[in-house]
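Heads up: the structure comes next, in C-alpha coordinates.
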Amino acid sequence: GDARVRGQTGVLSERRGSYPFIDFRLLNNTTLSGEIGTKKKVKRLLSFQRYFHASRLLRGIVPQASLYLLDEDYLGQARHMLSKVGMWDFDIFLFDRLTNGNSLVTLLCHLFNVHGLIHHFQLDMVTLHRFLVMVQEDYHSQNPYHNAVHAADVTQAMHCYLREPKLANFLTPSDIMLGLLAAAAHDVDHPGVNQPFLIKTKHHLASLYQNVSVLENHHWRSTIGMLRESRLLAHLPKEVTQDIEQQLGSLILATDINRQNEFLIRLKSHLDNQDLRLEDAQDRHFMLQIALKCADICNPCRLWDLSKQWSERVCEEFYRQGDLEQKFELEISPLCNQQKDTIPSIQIGFMTYIVEPLFERWAQFTGDTPLSENMLNHLRRNKAKWRSLLHKQHSSSRSNDHSGQVTGSQEQTLNEEETP
(Lines give C-alpha, C1' and ligand atoms only; values in the text may rest on other atoms or scores of the structure.)
Protein backbone atom coordinates (compact mmCIF):
# COMPACT_ATOMS: atom_id res chain seq x y z
CA GLY A 1 0.00 0.00 0.00
CA ASP A 2 2.93 2.36 0.60
CA ALA A 3 4.46 1.94 -2.80
CA ARG A 4 1.49 1.79 -5.12
CA VAL A 5 -1.88 3.46 -5.60
CA ARG A 6 -4.65 1.82 -7.58
CA GLY A 7 -6.70 4.21 -9.70
CA GLN A 8 -10.06 3.81 -11.39
CA THR A 9 -8.36 2.33 -14.44
CA GLY A 10 -6.98 -0.56 -12.42
CA VAL A 11 -3.37 0.25 -13.36
CA LEU A 12 -1.07 0.39 -10.38
CA SER A 13 0.93 3.60 -10.07
CA GLU A 14 3.89 4.57 -7.96
CA ARG A 15 3.41 7.51 -5.67
CA ARG A 16 5.31 10.72 -6.36
CA GLY A 17 8.73 10.86 -4.84
CA SER A 18 9.06 7.08 -4.56
CA TYR A 19 12.79 7.30 -5.15
CA PRO A 20 14.32 3.81 -5.02
CA PHE A 21 16.21 4.60 -1.86
CA ILE A 22 19.12 2.31 -1.09
CA ASP A 23 20.29 2.35 2.51
CA PHE A 24 23.77 0.86 2.23
CA ARG A 25 24.08 0.48 5.99
CA LEU A 26 21.21 -1.98 5.84
CA LEU A 27 22.72 -3.57 2.76
CA ASN A 28 25.96 -4.09 4.62
CA ASN A 29 24.12 -5.65 7.55
CA THR A 30 22.17 -7.87 5.18
CA THR A 31 25.30 -9.29 3.60
CA LEU A 32 26.70 -10.08 7.04
CA SER A 33 23.74 -11.15 9.12
CA GLY A 34 20.93 -12.15 6.79
CA GLU A 35 17.65 -10.49 5.98
CA ILE A 36 15.93 -10.61 9.36
CA GLY A 37 14.19 -7.32 9.98
CA THR A 38 15.82 -5.61 7.02
CA LYS A 39 12.80 -5.50 4.72
CA LYS A 40 10.66 -3.81 7.37
CA LYS A 41 13.37 -1.26 8.08
CA VAL A 42 13.83 -0.48 4.39
CA LYS A 43 10.07 -0.20 3.89
CA ARG A 44 9.80 2.28 6.76
CA LEU A 45 12.62 4.37 5.33
CA LEU A 46 11.08 4.31 1.88
CA SER A 47 7.63 5.16 3.17
CA PHE A 48 8.92 8.09 5.22
CA GLN A 49 10.98 9.40 2.33
CA ARG A 50 7.99 9.23 -0.02
CA TYR A 51 5.72 10.91 2.51
CA PHE A 52 8.24 13.64 3.26
CA HIS A 53 8.89 14.40 -0.41
CA ALA A 54 5.20 14.33 -1.35
CA SER A 55 4.14 16.49 1.59
CA ARG A 56 6.69 19.17 0.67
CA LEU A 57 5.31 19.27 -2.85
CA LEU A 58 1.72 19.32 -1.67
CA ARG A 59 2.57 22.31 0.52
CA GLY A 60 3.87 24.07 -2.57
CA ILE A 61 7.54 23.89 -1.58
CA VAL A 62 9.62 23.30 -4.70
CA PRO A 63 13.41 23.08 -5.07
CA GLN A 64 15.12 26.44 -5.17
CA ALA A 65 16.92 25.81 -8.48
CA SER A 66 13.72 26.12 -10.50
CA LEU A 67 12.88 29.51 -8.98
CA TYR A 68 15.86 31.40 -10.40
CA LEU A 69 14.91 33.68 -13.27
CA LEU A 70 16.91 33.84 -16.47
CA ASP A 71 18.06 37.17 -17.87
CA GLU A 72 16.95 38.28 -21.33
CA ASP A 73 20.20 37.24 -23.01
CA TYR A 74 19.84 33.66 -21.84
CA LEU A 75 16.15 33.57 -22.74
CA GLY A 76 16.94 34.90 -26.19
CA GLN A 77 19.62 32.26 -26.79
CA ALA A 78 17.33 29.50 -25.54
CA ARG A 79 14.54 30.68 -27.86
CA HIS A 80 16.99 30.72 -30.77
CA MET A 81 18.02 27.15 -29.98
CA LEU A 82 14.38 26.04 -29.86
CA SER A 83 13.93 27.32 -33.40
CA LYS A 84 16.43 24.62 -34.41
CA VAL A 85 15.11 21.86 -32.19
CA GLY A 86 14.63 19.55 -35.17
CA MET A 87 18.34 19.64 -36.08
CA TRP A 88 20.41 16.57 -35.21
CA ASP A 89 23.35 18.68 -33.98
CA PHE A 90 21.17 20.20 -31.20
CA ASP A 91 23.39 20.65 -28.12
CA ILE A 92 21.28 19.62 -25.14
CA PHE A 93 24.08 20.44 -22.67
CA LEU A 94 24.18 24.05 -23.87
CA PHE A 95 20.38 24.24 -23.87
CA ASP A 96 20.28 22.98 -20.28
CA ARG A 97 22.70 25.71 -19.23
CA LEU A 98 20.71 28.38 -21.06
CA THR A 99 17.50 27.26 -19.33
CA ASN A 100 19.20 27.07 -15.92
CA GLY A 101 18.69 23.34 -15.60
CA ASN A 102 15.11 23.37 -16.89
CA SER A 103 15.78 21.84 -20.31
CA LEU A 104 13.17 19.11 -20.01
CA VAL A 105 10.30 21.39 -18.98
CA THR A 106 11.19 24.08 -21.52
CA LEU A 107 11.64 21.59 -24.35
CA LEU A 108 8.38 19.72 -23.70
CA CYS A 109 6.29 22.89 -23.41
CA HIS A 110 7.72 24.02 -26.76
CA LEU A 111 7.18 20.66 -28.49
CA PHE A 112 3.61 20.33 -27.21
CA ASN A 113 2.97 23.71 -28.85
CA VAL A 114 4.82 22.87 -32.05
CA HIS A 115 2.83 19.67 -32.54
CA GLY A 116 -0.50 21.33 -31.67
CA LEU A 117 -1.11 18.98 -28.75
CA ILE A 118 -2.25 21.66 -26.30
CA HIS A 119 -5.02 22.76 -28.63
CA HIS A 120 -5.97 19.26 -29.79
CA PHE A 121 -6.28 17.78 -26.28
CA GLN A 122 -7.51 21.04 -24.69
CA LEU A 123 -4.70 20.92 -22.15
CA ASP A 124 -4.36 23.56 -19.46
CA MET A 125 -0.92 25.15 -19.85
CA VAL A 126 -0.42 25.68 -16.11
CA THR A 127 -1.33 22.05 -15.41
CA LEU A 128 0.98 20.86 -18.17
CA HIS A 129 3.82 22.90 -16.71
CA ARG A 130 3.12 21.52 -13.23
CA PHE A 131 3.20 17.95 -14.55
CA LEU A 132 6.45 18.53 -16.43
CA VAL A 133 8.08 20.06 -13.34
CA MET A 134 7.05 16.94 -11.42
CA VAL A 135 8.73 14.76 -14.03
CA GLN A 136 11.89 16.87 -14.18
CA GLU A 137 12.25 17.04 -10.40
CA ASP A 138 11.81 13.27 -10.05
CA TYR A 139 14.98 12.72 -12.06
CA HIS A 140 18.10 12.78 -9.88
CA SER A 141 20.72 15.34 -10.79
CA GLN A 142 23.40 13.43 -8.86
CA ASN A 143 23.23 10.69 -11.51
CA PRO A 144 25.96 11.37 -14.07
CA TYR A 145 23.87 9.87 -16.88
CA HIS A 146 20.29 8.96 -15.93
CA ASN A 147 19.12 12.48 -15.17
CA ALA A 148 16.74 15.08 -16.62
CA VAL A 149 19.26 16.17 -19.26
CA HIS A 150 19.32 12.63 -20.64
CA ALA A 151 15.51 12.67 -20.69
CA ALA A 152 15.56 15.98 -22.59
CA ASP A 153 18.12 14.58 -25.04
CA VAL A 154 15.98 11.50 -25.70
CA THR A 155 12.91 13.72 -26.14
CA GLN A 156 14.70 15.92 -28.70
CA ALA A 157 15.80 12.80 -30.60
CA MET A 158 12.24 11.45 -30.47
CA HIS A 159 11.00 14.72 -31.96
CA CYS A 160 13.44 14.27 -34.86
CA TYR A 161 12.27 10.70 -35.45
CA LEU A 162 8.59 11.67 -35.34
CA ARG A 163 9.30 14.01 -38.25
CA GLU A 164 10.71 11.28 -40.49
CA PRO A 165 8.34 11.17 -43.52
CA LYS A 166 7.82 7.39 -43.41
CA LEU A 167 6.41 7.75 -39.90
CA ALA A 168 5.10 11.34 -39.78
CA ASN A 169 2.60 10.78 -42.61
CA PHE A 170 0.64 8.33 -40.47
CA LEU A 171 0.97 9.65 -36.91
CA THR A 172 -2.07 10.86 -34.99
CA PRO A 173 -1.93 13.52 -32.25
CA SER A 174 -2.27 10.68 -29.72
CA ASP A 175 0.76 8.92 -31.18
CA ILE A 176 2.84 12.09 -31.00
CA MET A 177 1.82 12.91 -27.43
CA LEU A 178 2.54 9.35 -26.32
CA GLY A 179 5.94 9.40 -28.01
CA LEU A 180 6.98 12.66 -26.38
CA LEU A 181 5.62 11.77 -22.92
CA ALA A 182 7.28 8.35 -22.99
CA ALA A 183 10.60 9.90 -24.04
CA ALA A 184 10.43 12.52 -21.29
CA ALA A 185 9.51 10.07 -18.52
CA HIS A 186 11.20 6.85 -19.68
CA ASP A 187 13.87 6.93 -16.92
CA VAL A 188 12.10 8.98 -14.25
CA ASP A 189 13.23 8.30 -10.67
CA HIS A 190 16.21 6.24 -11.87
CA PRO A 191 18.42 5.29 -8.88
CA GLY A 192 21.71 5.31 -10.81
CA VAL A 193 22.18 1.53 -10.55
CA ASN A 194 20.99 -1.22 -12.87
CA GLN A 195 18.48 -4.04 -12.48
CA PRO A 196 20.98 -6.77 -11.52
CA PHE A 197 22.19 -4.53 -8.68
CA LEU A 198 18.63 -4.13 -7.37
CA ILE A 199 18.04 -7.86 -7.63
CA LYS A 200 21.20 -8.99 -5.85
CA THR A 201 20.73 -6.42 -3.07
CA LYS A 202 17.09 -7.59 -2.67
CA HIS A 203 15.74 -4.10 -3.26
CA HIS A 204 12.00 -3.68 -2.70
CA LEU A 205 11.41 -2.77 -6.37
CA ALA A 206 12.94 -6.05 -7.51
CA SER A 207 10.49 -7.92 -5.30
CA LEU A 208 7.61 -5.70 -6.38
CA TYR A 209 8.13 -6.45 -10.07
CA GLN A 210 9.39 -10.03 -9.61
CA ASN A 211 12.81 -9.23 -11.14
CA VAL A 212 11.27 -8.45 -14.55
CA SER A 213 11.87 -5.03 -16.19
CA VAL A 214 12.22 -3.68 -12.66
CA LEU A 215 13.35 -0.15 -13.47
CA GLU A 216 11.14 0.24 -16.54
CA ASN A 217 8.06 -0.82 -14.57
CA HIS A 218 8.97 1.70 -11.90
CA HIS A 219 9.44 4.49 -14.47
CA TRP A 220 6.05 3.70 -16.00
CA ARG A 221 4.11 3.46 -12.73
CA SER A 222 5.76 6.64 -11.43
CA THR A 223 4.70 8.45 -14.60
CA ILE A 224 1.11 7.31 -14.17
CA GLY A 225 1.20 8.51 -10.57
CA MET A 226 2.31 11.97 -11.70
CA LEU A 227 -0.28 12.12 -14.48
CA ARG A 228 -3.02 11.37 -11.96
CA GLU A 229 -1.65 13.69 -9.30
CA SER A 230 -1.35 16.59 -11.74
CA ARG A 231 -4.79 15.83 -13.30
CA LEU A 232 -3.31 16.76 -16.67
CA LEU A 233 -5.68 14.39 -18.49
CA ALA A 234 -8.55 14.40 -15.99
CA HIS A 235 -10.87 16.18 -18.47
CA LEU A 236 -10.56 13.41 -21.05
CA PRO A 237 -12.95 10.42 -21.18
CA LYS A 238 -12.03 7.53 -18.92
CA GLU A 239 -11.40 5.13 -21.80
CA VAL A 240 -8.98 7.61 -23.39
CA THR A 241 -6.91 8.00 -20.22
CA GLN A 242 -6.94 4.21 -19.75
CA ASP A 243 -5.55 3.75 -23.22
CA ILE A 244 -2.89 6.45 -22.74
CA GLU A 245 -1.69 4.90 -19.48
CA GLN A 246 -1.45 1.42 -20.98
CA GLN A 247 0.35 2.58 -24.13
CA LEU A 248 2.78 4.65 -22.09
CA GLY A 249 3.64 1.47 -20.24
CA SER A 250 4.14 -0.46 -23.46
CA LEU A 251 6.49 2.23 -24.79
CA ILE A 252 8.55 2.64 -21.61
CA LEU A 253 8.83 -1.12 -21.06
CA ALA A 254 10.24 -1.43 -24.59
CA THR A 255 13.38 0.44 -23.46
CA ASP A 256 14.45 -2.58 -21.36
CA ILE A 257 17.79 -3.49 -22.96
CA ASN A 258 17.13 -7.15 -22.09
CA ARG A 259 14.38 -7.13 -24.73
CA GLN A 260 16.67 -5.81 -27.48
CA ASN A 261 16.77 -9.02 -29.52
CA GLU A 262 13.02 -9.49 -29.22
CA PHE A 263 12.38 -6.14 -30.90
CA LEU A 264 15.17 -6.51 -33.45
CA ILE A 265 13.90 -9.91 -34.62
CA ARG A 266 10.38 -8.58 -34.96
CA LEU A 267 11.54 -5.46 -36.82
CA LYS A 268 13.71 -7.53 -39.17
CA SER A 269 10.77 -9.79 -39.91
CA HIS A 270 8.50 -6.84 -40.74
CA LEU A 271 11.11 -5.23 -42.98
CA ASP A 272 12.02 -8.45 -44.78
CA ASN A 273 8.36 -9.31 -45.36
CA GLN A 274 7.44 -5.68 -46.13
CA ASP A 275 4.26 -6.14 -44.13
CA LEU A 276 4.31 -3.00 -41.94
CA ARG A 277 0.97 -1.23 -42.33
CA LEU A 278 1.27 2.12 -40.57
CA GLU A 279 -2.43 2.75 -41.11
CA ASP A 280 -2.81 0.06 -38.45
CA ALA A 281 -2.58 1.43 -34.89
CA GLN A 282 -0.67 -1.67 -33.70
CA ASP A 283 2.03 -1.29 -36.33
CA ARG A 284 2.34 2.44 -35.61
CA HIS A 285 2.71 1.68 -31.92
CA PHE A 286 5.41 -0.87 -32.65
CA MET A 287 7.36 1.70 -34.67
CA LEU A 288 6.95 4.21 -31.83
CA GLN A 289 8.54 1.59 -29.57
CA ILE A 290 11.43 1.24 -32.02
CA ALA A 291 11.76 5.04 -32.27
CA LEU A 292 11.94 5.35 -28.49
CA LYS A 293 14.52 2.57 -28.31
CA CYS A 294 16.60 4.43 -30.90
CA ALA A 295 16.23 7.74 -29.07
CA ASP A 296 17.26 6.13 -25.79
CA ILE A 297 20.58 4.84 -27.16
CA CYS A 298 21.29 7.45 -29.85
CA ASN A 299 24.31 9.00 -28.07
CA PRO A 300 26.87 7.18 -30.28
CA CYS A 301 25.09 8.67 -33.32
CA ARG A 302 25.58 12.27 -32.18
CA LEU A 303 28.44 14.62 -33.02
CA TRP A 304 31.70 13.42 -31.42
CA ASP A 305 31.87 16.18 -28.79
CA LEU A 306 28.35 15.40 -27.57
CA SER A 307 28.70 11.65 -27.93
CA LYS A 308 31.97 11.62 -25.97
CA GLN A 309 30.38 13.53 -23.08
CA TRP A 310 27.54 11.02 -22.88
CA SER A 311 29.96 8.10 -23.04
CA GLU A 312 31.99 9.49 -20.16
CA ARG A 313 28.85 10.12 -18.13
CA VAL A 314 27.38 6.66 -18.55
CA CYS A 315 30.71 5.01 -17.73
CA GLU A 316 31.07 7.21 -14.65
CA GLU A 317 27.68 5.90 -13.49
CA PHE A 318 28.81 2.33 -14.16
CA TYR A 319 32.02 2.88 -12.22
CA ARG A 320 30.13 4.35 -9.26
CA GLN A 321 28.04 1.19 -9.11
CA GLY A 322 31.19 -0.92 -9.30
CA ASP A 323 32.71 1.05 -6.42
CA LEU A 324 29.60 0.41 -4.32
CA GLU A 325 29.68 -3.28 -5.14
CA GLN A 326 33.35 -3.47 -4.18
CA LYS A 327 32.74 -1.55 -0.98
CA PHE A 328 30.03 -3.96 0.13
CA GLU A 329 31.88 -7.04 -1.07
CA LEU A 330 29.46 -7.83 -3.86
CA GLU A 331 30.49 -9.25 -7.22
CA ILE A 332 31.31 -6.31 -9.50
CA SER A 333 28.85 -6.15 -12.40
CA PRO A 334 30.00 -6.31 -16.03
CA LEU A 335 31.23 -2.93 -17.37
CA CYS A 336 31.46 -1.51 -13.84
CA ASN A 337 35.08 -2.29 -12.99
CA GLN A 338 37.08 0.87 -13.62
CA GLN A 339 40.35 -1.08 -13.47
CA LYS A 340 39.35 -3.46 -16.28
CA ASP A 341 36.52 -1.87 -18.27
CA THR A 342 37.82 1.18 -20.12
CA ILE A 343 35.52 3.74 -21.73
CA PRO A 344 36.73 2.97 -25.30
CA SER A 345 36.25 -0.79 -24.88
CA ILE A 346 32.77 -0.31 -23.35
CA GLN A 347 31.71 2.03 -26.14
CA ILE A 348 33.05 -0.12 -28.98
CA GLY A 349 31.17 -3.13 -27.63
CA PHE A 350 27.99 -1.10 -27.12
CA MET A 351 28.13 0.32 -30.63
CA THR A 352 28.91 -3.04 -32.26
CA TYR A 353 26.36 -5.25 -30.55
CA ILE A 354 23.54 -2.88 -29.54
CA VAL A 355 23.55 0.38 -31.48
CA GLU A 356 24.61 -0.60 -35.01
CA PRO A 357 22.10 -3.43 -35.52
CA LEU A 358 19.21 -1.25 -34.36
CA PHE A 359 20.11 1.87 -36.34
CA GLU A 360 20.85 -0.07 -39.51
CA ARG A 361 17.31 -1.47 -39.34
CA TRP A 362 15.93 1.98 -38.55
CA ALA A 363 17.65 3.35 -41.67
CA GLN A 364 16.14 0.50 -43.66
CA PHE A 365 12.70 1.45 -42.35
CA THR A 366 13.04 5.19 -43.01
CA GLY A 367 14.50 4.62 -46.46
CA ASP A 368 17.98 6.04 -45.86
CA THR A 369 16.81 9.58 -45.20
CA PRO A 370 19.37 12.36 -44.61
CA LEU A 371 18.88 11.98 -40.84
CA SER A 372 19.44 8.22 -40.89
CA GLU A 373 22.53 8.54 -43.07
CA ASN A 374 23.84 11.32 -40.85
CA MET A 375 23.40 9.20 -37.72
CA LEU A 376 25.10 6.17 -39.25
CA ASN A 377 28.00 8.33 -40.46
CA HIS A 378 28.47 9.77 -36.96
CA LEU A 379 28.26 6.27 -35.51
CA ARG A 380 31.01 4.96 -37.79
CA ARG A 381 33.25 7.96 -37.20
CA ASN A 382 32.77 7.81 -33.44
CA LYS A 383 33.49 4.08 -33.37
CA ALA A 384 36.70 4.70 -35.33
CA LYS A 385 37.74 7.37 -32.80
CA TRP A 386 37.12 5.03 -29.86
CA ARG A 387 39.15 2.33 -31.65
CA SER A 388 41.99 4.82 -32.08
CA LEU A 389 41.84 5.76 -28.39
CA LEU A 390 41.76 2.11 -27.39
CA HIS A 391 44.82 1.43 -29.55
CA LYS A 392 46.63 4.35 -27.91
CA GLN A 393 45.72 3.00 -24.47
CA HIS A 394 47.10 -0.44 -25.35
CA SER A 395 50.27 1.08 -26.83
CA SER A 396 50.75 3.22 -23.74
CA SER A 397 50.15 0.24 -21.47
CA ARG A 398 52.70 -1.89 -23.32
CA SER A 399 55.18 0.99 -23.24
CA ASN A 400 54.71 1.41 -19.48
CA ASP A 401 55.11 -2.33 -18.92
CA HIS A 402 58.31 -2.36 -20.95
CA SER A 403 59.74 0.69 -19.18
CA GLY A 404 58.81 -0.86 -15.85
CA GLN A 405 60.75 -4.01 -16.69
CA VAL A 406 63.82 -1.96 -17.66
CA THR A 407 63.63 0.00 -14.45
CA GLY A 408 63.33 -3.19 -12.43
CA SER A 409 66.36 -4.68 -14.17
CA GLN A 410 68.38 -1.54 -13.56
CA GLU A 411 67.44 -1.58 -9.88
CA GLN A 412 68.47 -5.22 -9.61
CA THR A 413 71.86 -4.44 -11.23
CA LEU A 414 72.42 -1.54 -8.85
CA ASN A 415 71.53 -3.69 -5.85
CA GLU A 416 73.89 -6.44 -7.02
CA GLU A 417 76.71 -3.93 -7.45
CA GLU A 418 76.18 -2.63 -3.91
CA THR A 419 76.18 -6.11 -2.39
CA PRO A 420 79.58 -6.89 -0.75
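Starting from 1 in every chain, residues are counted up; chains themselves are A, B, ... following the order of the C-alpha coordinates, and ligands are numbered from 1 as listed.
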**Request:** Excluding Trp386 in chain A and residues on its chain fewer than 4 positions from it, collect all residues at most 8 Å away from it, counting only C-alpha atoms, and give them as a PyMOL selection string.
**Result:** chain A and resi 344-345+347-348+382+390
**Asked** Can you tell me, as a PyMOL selection string, what residues are no more than 8 Å from Cys301 in chain A when counting only C-alpha atoms, ignoring any on the same chain fewer than 5 positions away?
**Response** chain A and resi 307+375-379+382
Closest pair table for range 217-276 of chain A residues within 12 Å of range 195-199 of chain A, only C-alpha atoms, as a tab-separated table:
residue	atom	partner	partner_atom	distance
A:Asn217	CA	A:Gln195	CA	11.1
A:His218	CA	A:Gln195	CA	11.1
A:Asp256	CA	A:Gln195	CA	9.9
A:Ile257	CA	A:Gln195	CA	10.5
A:Asn258	CA	A:Gln195	CA	10.2
**Request:** Pick out the closest residue to Phe170 in chain A from this set: A:His140, A:His270, A:Arg277, A:Arg228. Count only C-alpha atoms.
**Result:**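 Using only C-alpha atoms, Phe170 in chain A sits closest to A:Arg277.
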**Request:** Any chance you could list, as a PyMOL selection string, the residues in range 32-254 of chain A that come up alpha helix (DSSP H) when DSSP is run on the backbone?
**Result:** chain A and resi 32-33+38-58+72-82+92-98+103-114+117-120+125-137+148-162+165-168+173-185+195-200+204-208+214-230+238-253
**Message:** Under the rule that only C-alpha atoms are counted, which of A:Leu251, A:Leu278, A:Ile332, A:Ala206 is the nearest residue to Thr172 in chain A?
**Reply:**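 The closest residue to Thr172 in chain A is A:Leu278.
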**Request:** Find the residues around Leu330 in chain A up to 9 Å (only C-alpha atoms counted), leave out those fewer than 3 positions away in its own chain, and share them as a PyMOL selection string.
**Result:** chain A and resi 31+200-201+322+324-327+333
Output the selection as a JSON list (two decimals), in the first residue's frame - N, CA and C atoms for each residue.
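result-v6.json written:
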[["chain", "number", "residue", "atom", "x", "y", "z"],
["A", 31, "THR", "N", 24.28, -8.38, 4.13],
["A", 31, "THR", "CA", 25.30, -9.29, 3.60],
["A", 31, "THR", "C", 26.00, -10.04, 4.73],
["A", 200, "LYS", "N", 20.27, -8.31, -6.77],
["A", 200, "LYS", "CA", 21.20, -8.99, -5.85],
["A", 200, "LYS", "C", 21.26, -8.32, -4.48],
["A", 201, "THR", "N", 20.80, -7.06, -4.38],
["A", 201, "THR", "CA", 20.73, -6.42, -3.07],
["A", 201, "THR", "C", 19.33, -6.55, -2.46],
["A", 322, "GLY", "N", 30.12, 0.03, -9.59],
["A", 322, "GLY", "CA", 31.19, -0.92, -9.30],
["A", 322, "GLY", "C", 31.89, -0.62, -7.99],
["A", 324, "LEU", "N", 30.52, 0.82, -5.39],
["A", 324, "LEU", "CA", 29.60, 0.41, -4.32],
["A", 324, "LEU", "C", 29.65, -1.10, -4.13],
["A", 325, "GLU", "N", 29.65, -1.82, -5.22],
["A", 325, "GLU", "CA", 29.68, -3.28, -5.14],
["A", 325, "GLU", "C", 30.98, -3.75, -4.47],
["A", 326, "GLN", "N", 32.07, -3.11, -4.80],
["A", 326, "GLN", "CA", 33.35, -3.47, -4.18],
["A", 326, "GLN", "C", 33.34, -3.14, -2.70],
["A", 327, "LYS", "N", 32.78, -1.99, -2.37],
["A", 327, "LYS", "CA", 32.74, -1.55, -0.98],
["A", 327, "LYS", "C", 31.96, -2.52, -0.11],
["A", 333, "SER", "N", 29.62, -5.88, -11.20],
["A", 333, "SER", "CA", 28.85, -6.15, -12.40],
["A", 333, "SER", "C", 29.68, -5.91, -13.65]]
**Request:** Tell me which protein, DNA and RNA residues are within 8 Å of range 118-128 of chain A, counting only C-alpha atoms, leaving out same-chain ones fewer than 4 positions away, and put them as an MDAnalysis selection string.
**Result:** chainID A and resid 109 112:113 132 173 230:233
**Residue nearest Thr223 in chain A among A:Gln246, A:Gln77, A:Gln282, A:Gln260 (counting only C-alpha atoms)** =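 The answer is A:Gln246, which sits nearest to Thr223 in chain A.
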**Prompt:** Looking at only C-alpha atoms, which of A:Gln338, A:Thr352, A:Ser174, A:Ser103 is the one that sits closest to Asp243 in chain A?
**Reply:**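 Selected residue with least distance to Asp243 in chain A: A:Ser174.
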**Message:** Let me make sure I understand: among A:Asn299, A:Gln247, A:Gln210, A:Asn261, which one has the smallest atom-to-atom distance to Leu181 in chain A if we use only C-alpha atoms?
**Reply:** A:Gln247
**Item:** Distance criterion (only C-alpha atoms): nearest to Ser83 in chain A out of A:Arg259, A:His110, A:His190, A:Lys308
**Value:**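 Among the listed residues, the smallest separation from Ser83 in chain A belongs to A:His110.
CA of Ala157 in chain A is positioned 14.5 Å from CA of Thr255 in chain A.
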**Item:** Coordinates-based distance that separates CA of Met177 in chain A from CA of Glu279 in chain A (Å, one decimal)
**Value:** 17.6 Å
**Request:** Name the residues in contact with His146 in chain A at a cut-off of 12 Å, using only C-alpha atoms, excluding same-chain residues fewer than 5 positions from it; report them as an MDAnalysis selection string.
**Result:** chainID A and resid 136 138:141 151:154 184:194 215 219 296:297 310 313:318
